[in-house]
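Enquirer: Please find one structure pasted underneath; my questions will follow.
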Amino acid sequence: MTSSFTELQLDALRELANIASGSAATALSRILARDVGISLPRALALPLADAVDACGSPEETVACVVIGVDGDLSATVLLLIGLRHAGNLCTLLGVEPGTEIGDSALGEIGNIIGTSYLNGLATMTGLRLTPGPPQLSRDMLGAIVATLLAETAGAEDLALVLDSELDVSGEPCAISFLLLPTAGGISDLLAPLGLAGDTP
Amino acid sequence: MNVRMGEIAVSAQSDCELVALGLGSCIGLAMVDWEAGIAGLAHIVLPESRGDGRHAGKFADLAVPELLARVRSLGARVSRLKVAIAGGARMFALEGTMDVGSRNEEAVRGALVDAGVTIAAAHTGGRQGRTLRVHTGRGRVTIRSAGGKPVVLLAAPAAPSGRPDPSPYPLNMTNAFGLAEGI
């Protein structure tokens, strides 16, 4: 399993993810009026099949919010929430899980923290990032991640996954946060930092 | 054995399970020769290789002939081969993204026609992820949609049987939701 990114590039991407997920955590914390912790982000450059495995158990059904990103960077933001944790999040928001209102609240939460994440990225890199409409679905983790990777990585067999986790303090409620840039998007992210040099 | 994105696996063991977990827009392509006890599974990601020969299992145009060659090299006969496909869902309707799932299905079907192989069962399209399992020991190919129960796509003839095509299911089904049975 080899990565064609330099350690310096991966460090820079991790730092971007760290700052971006900080903005997302702040947004979530405001909505819920609770502390939200963030895990140390990972920047994974892996063959497609390994990238899917790195995201979790492929057959587990999860809730997800997908936000397409356009503008100076072509990428997808993916929020993954275990079904039980999604239910807890709904309860924290005061809506009933599994109902239309519950789903709409999850989509909206995804939208707010997803766009906060992108704002964080945009501030750091100076890139103009335009989020698309959020889409909520419940499906097998592997099917969600593999489908997005097939579209973003295209013919390349190398996927870049920036991955961080938000944890609502005192509640079993964790949200995994993934940024999946297209092959060209990776160098777009690194270029403003002067590190685009030799991306694969 | 877990057959991941872009991988191909074949087996001649009498009790083996080949699985493609969480197929979204990807296609799981199963080929079985029950009589010879040979099974193969490909987890296909994209329709066309466009000359990229490095990852044969990833692209429909390369994976179909590759899987066929590998089950044949173990002793499977094309005349006995049962083929099932599953997956090709449109998981998201994101603006500006291509519908990889239906293009994958089309490419796999096209490559199978080119190879002279007919599809015995298909469970494709829709918006749900799926898991495809090939159990050689139990003589079953099953599919499970997200949140659902397994459904039999292909079943080995009940032995001993002299009939040439003992499959109890009609050919070329595009949707096998009606076939749920206790397995």
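All residue names refer to the structure tokens as shown: chains lettered A, B, ... in order, residues numbered from 1 in each chain, ligands numbered from 1 in order.
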So that I can see what lies close to Glu165 of chain A, please list as a compact mmCIF listing (two decimals) with C-alpha atoms, in the first residue's frame the residues with an atom at most 12 Å from it, counting only C-alpha atoms and leaving out residues fewer than 6 positions away in the same chain.

Expert:
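This went into out26.txt:
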# COMPACT_ATOMS: atom_id res chain seq x y z
CA ALA A 17 -8.90 19.13 7.61
CA ASN A 18 -8.15 20.06 11.20
CA ALA A 20 -12.05 22.96 8.57
CA SER A 21 -13.45 20.48 11.07
CA GLY A 22 -12.84 23.06 13.79
CA ALA A 24 -17.73 22.53 11.61
CA ALA A 25 -17.47 21.66 15.32
CA VAL A 36 -18.26 19.34 20.49
CA GLY A 37 -14.88 17.64 20.32
CA ILE A 38 -12.93 16.85 17.18
CA SER A 39 -10.65 13.91 16.68
CA LEU A 40 -7.24 14.27 15.11
CA PRO A 41 -7.99 14.20 11.39
CA ARG A 42 -6.50 11.63 9.07
CA CYS A 55 -14.16 4.32 6.44
CA LEU A 78 -19.69 13.30 3.15
CA LEU A 79 -21.05 13.15 6.69
CA LEU A 80 -21.60 9.68 8.09
CA ILE A 81 -23.62 9.02 11.21
CA CYS A 173 -23.31 10.98 19.03
CA ALA A 174 -20.38 10.93 16.62
CA ILE A 175 -20.32 12.31 13.10
CA SER A 176 -17.62 11.24 10.66
CA PHE A 177 -16.64 13.90 8.28
CA LEU A 178 -15.03 13.08 4.95
CA LEU A 179 -13.76 15.26 2.17

Enquirer: May I ask you to extract the residues of chain A within 9 Å of chain B, using only C-alpha atoms, and to give them as a ChimeraX atom specification?

Expert: /A:48-50,52-53,58-61,66-68,132-135,137-148,150-151,154-155,157

Enquirer: Put those residues in a file: C-alpha atoms, as a short mmCIF file (atom, residue, chain, number, x, y, z; two decimals), in the first residue's frame.

Expert:
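Final file, part-v3.cif:
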data_model
loop_
_atom_site.label_atom_id
_atom_site.label_comp_id
_atom_site.auth_asym_id
_atom_site.auth_seq_id
_atom_site.Cartn_x
_atom_site.Cartn_y
_atom_site.Cartn_z
CA LEU A 48 -9.89 2.60 -3.71
CA ALA A 49 -10.65 -0.71 -2.02
CA ASP A 50 -8.53 0.19 1.03
CA VAL A 52 -13.56 2.06 1.51
CA ASP A 53 -12.35 -0.27 4.27
CA PRO A 58 -18.98 -1.76 4.44
CA GLU A 59 -22.28 -3.50 5.10
CA GLU A 60 -23.36 -1.38 8.08
CA THR A 61 -26.39 0.78 7.38
CA VAL A 66 -23.71 14.25 0.80
CA ILE A 67 -22.79 17.71 -0.40
CA GLY A 68 -21.23 18.23 -3.81
CA GLY A 132 -24.51 22.03 -3.70
CA PRO A 133 -27.79 21.02 -2.02
CA PRO A 134 -27.38 18.42 0.75
CA GLN A 135 -28.76 14.93 0.18
CA SER A 137 -29.84 8.97 2.67
CA ARG A 138 -29.59 5.77 4.68
CA ASP A 139 -27.67 2.99 3.11
CA MET A 140 -24.76 0.59 3.37
CA LEU A 141 -21.58 2.46 4.26
CA GLY A 142 -19.58 0.66 1.58
CA ALA A 143 -22.12 1.44 -1.13
CA ILE A 144 -22.11 5.13 -0.21
CA VAL A 145 -18.34 5.55 -0.03
CA ALA A 146 -17.57 3.33 -3.04
CA THR A 147 -20.07 5.16 -5.24
CA LEU A 148 -18.65 8.57 -4.33
CA ALA A 150 -15.91 5.84 -8.17
CA GLU A 151 -17.11 9.26 -9.25
CA GLY A 154 -12.42 8.17 -11.64
CA ALA A 155 -9.89 5.96 -13.37
CA ASP A 157 -6.67 3.89 -8.31
#

Enquirer: Counting only C-alpha atoms, what is within 10 Å of Leu68 of chain B, bar same-chain residues fewer than 4 positions away, as a tab-separated table (two decimals) with N, CA and C atoms, in the first residue's frame?

Expert:
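Okay, result-v2.tsv is ready:
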chain	number	residue	atom	x	y	z
B	10	VAL	N	-11.97	-16.20	-7.85
B	10	VAL	CA	-12.59	-17.43	-8.35
B	10	VAL	C	-12.28	-18.55	-7.36
B	30	ALA	N	-21.44	-12.33	-10.91
B	30	ALA	CA	-21.18	-13.69	-10.43
B	30	ALA	C	-21.30	-14.67	-11.58
B	31	MET	N	-20.37	-15.62	-11.67
B	31	MET	CA	-20.44	-16.69	-12.67
B	31	MET	C	-20.28	-18.01	-11.94
B	40	GLY	N	-17.11	-17.67	-9.57
B	40	GLY	CA	-16.26	-16.49	-9.66
B	40	GLY	C	-17.08	-15.23	-9.41
B	41	LEU	N	-16.41	-14.21	-8.90
B	41	LEU	CA	-17.10	-12.96	-8.61
B	41	LEU	C	-16.17	-11.78	-8.93
B	42	ALA	N	-16.72	-10.79	-9.64
B	42	ALA	CA	-15.97	-9.57	-9.92
B	42	ALA	C	-16.73	-8.39	-9.35
B	63	ALA	N	-12.97	-6.58	-17.04
B	63	ALA	CA	-13.29	-7.53	-15.97
B	63	ALA	C	-14.14	-8.69	-16.47
B	64	VAL	N	-15.06	-8.42	-17.40
B	64	VAL	CA	-15.95	-9.49	-17.88
B	64	VAL	C	-15.14	-10.60	-18.57
B	72	ARG	N	-13.10	-20.36	-16.55
B	72	ARG	CA	-12.86	-21.41	-17.55
B	72	ARG	C	-11.55	-22.13	-17.29
B	73	SER	N	-10.55	-21.37	-16.85
B	73	SER	CA	-9.26	-22.02	-16.61
B	73	SER	C	-9.34	-22.99	-15.43
B	76	ALA	N	-14.61	-24.48	-15.67
B	76	ALA	CA	-16.02	-24.18	-15.91
B	76	ALA	C	-16.30	-24.21	-17.41
B	77	ARG	N	-17.50	-24.66	-17.77
B	77	ARG	CA	-17.90	-24.67	-19.19
B	77	ARG	C	-18.90	-23.56	-19.43
B	78	VAL	N	-18.69	-22.82	-20.52
B	78	VAL	CA	-19.58	-21.71	-20.85
B	78	VAL	C	-21.02	-22.20	-21.00
B	81	LEU	N	-22.62	-22.34	-17.64
B	81	LEU	CA	-22.38	-21.18	-16.78
B	81	LEU	C	-23.68	-20.42	-16.49
B	112	LEU	N	-20.89	-8.88	-21.71
B	112	LEU	CA	-21.36	-10.27	-21.61
B	112	LEU	C	-21.91	-10.74	-22.96
B	115	ALA	N	-19.12	-11.56	-25.10
B	115	ALA	CA	-18.48	-12.81	-24.71
B	115	ALA	C	-19.38	-14.02	-24.97
B	117	VAL	N	-22.26	-14.75	-23.46
B	117	VAL	CA	-22.78	-15.31	-22.21
B	117	VAL	C	-24.11	-14.62	-21.88

Enquirer: Select, from A:Arg30, A:Asn111, A:Thr125, A:Leu73, the residue with the minimum atom-to-atom distance to Gly194 of chain A, counting only C-alpha atoms.

Expert: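 Of A:Arg30, A:Asn111, A:Thr125, A:Leu73, the one nearest Gly194 of chain A, counting only C-alpha atoms, is A:Thr125.
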
Enquirer: Hey, what's within 10 Å of segment 185-192 of chain A if we count only C-alpha atoms and toss same-chain stuff fewer than 3 positions away? As a list in words, please?

Expert: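 Contacts, in chain order: Gln9, Leu10, Ala12, Leu13, Leu16, Asp70, Asp72, Leu73, Ser74, Ala75, Leu121, Ala122, Met124, Thr125, Gly126, Leu127, Thr152, Ala153, Ala159, Leu160, Leu180, Pro181, Thr182, Leu195, Ala196, Gly197, Asp198, Thr199 and Pro200 of chain A.
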
Enquirer: Among the residues of chain A, find those DSSP assigns to strand (DSSP E) from the backbone and print them as a ChimeraX atom specification.

Expert: /A:36-38,42-47,61-71,75-82,129-131,135-140,158-168,174-181

Enquirer: Looking at only C-alpha atoms, which of B:Ala158, B:Ala84, B:Val141, B:Val113 is the one that sits closest to Cys16 of chain B?

Expert: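 When distances to Cys16 of chain B are compared using only C-alpha atoms, the smallest one comes from B:Val141.
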
Enquirer: Counting only C-alpha atoms, figure out which residue out of A:Ala63, A:Leu193, A:Phe5, A:Ser29 gets nearest to Leu46 of chain A.

Expert: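 Nearest to Leu46 of chain A: A:Phe5.
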
Enquirer: Mind checking which residues fall within 10 Å of segment 87-90 of chain A, counting only C-alpha atoms, ignoring those fewer than 6 positions away in the same chain, and posting them as a ChimeraX atom specification?

Expert: /A:32,63,81,96-99,101-106,109,168,171-175

Enquirer: Which neighbours of Ala45 of chain A fall inside 8 Å, counting only C-alpha atoms, when residues of the same chain fewer than 2 positions from it are skipped, and could you give them as a list of chain:residue names?

Expert: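 The contact residues come out as A:Ser3, A:Ser4, A:Phe5, A:Ala43, A:Pro47, A:Ala51, A:Leu158, A:Ala159, A:Leu160, A:Val161.
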
Enquirer: Give me, as a ChimeraX atom specification, the residues of segment 52-131 of chain A that a backbone DSSP run labels helix (DSSP H, G or I).

Expert: /A:52-54,83-93,100-125
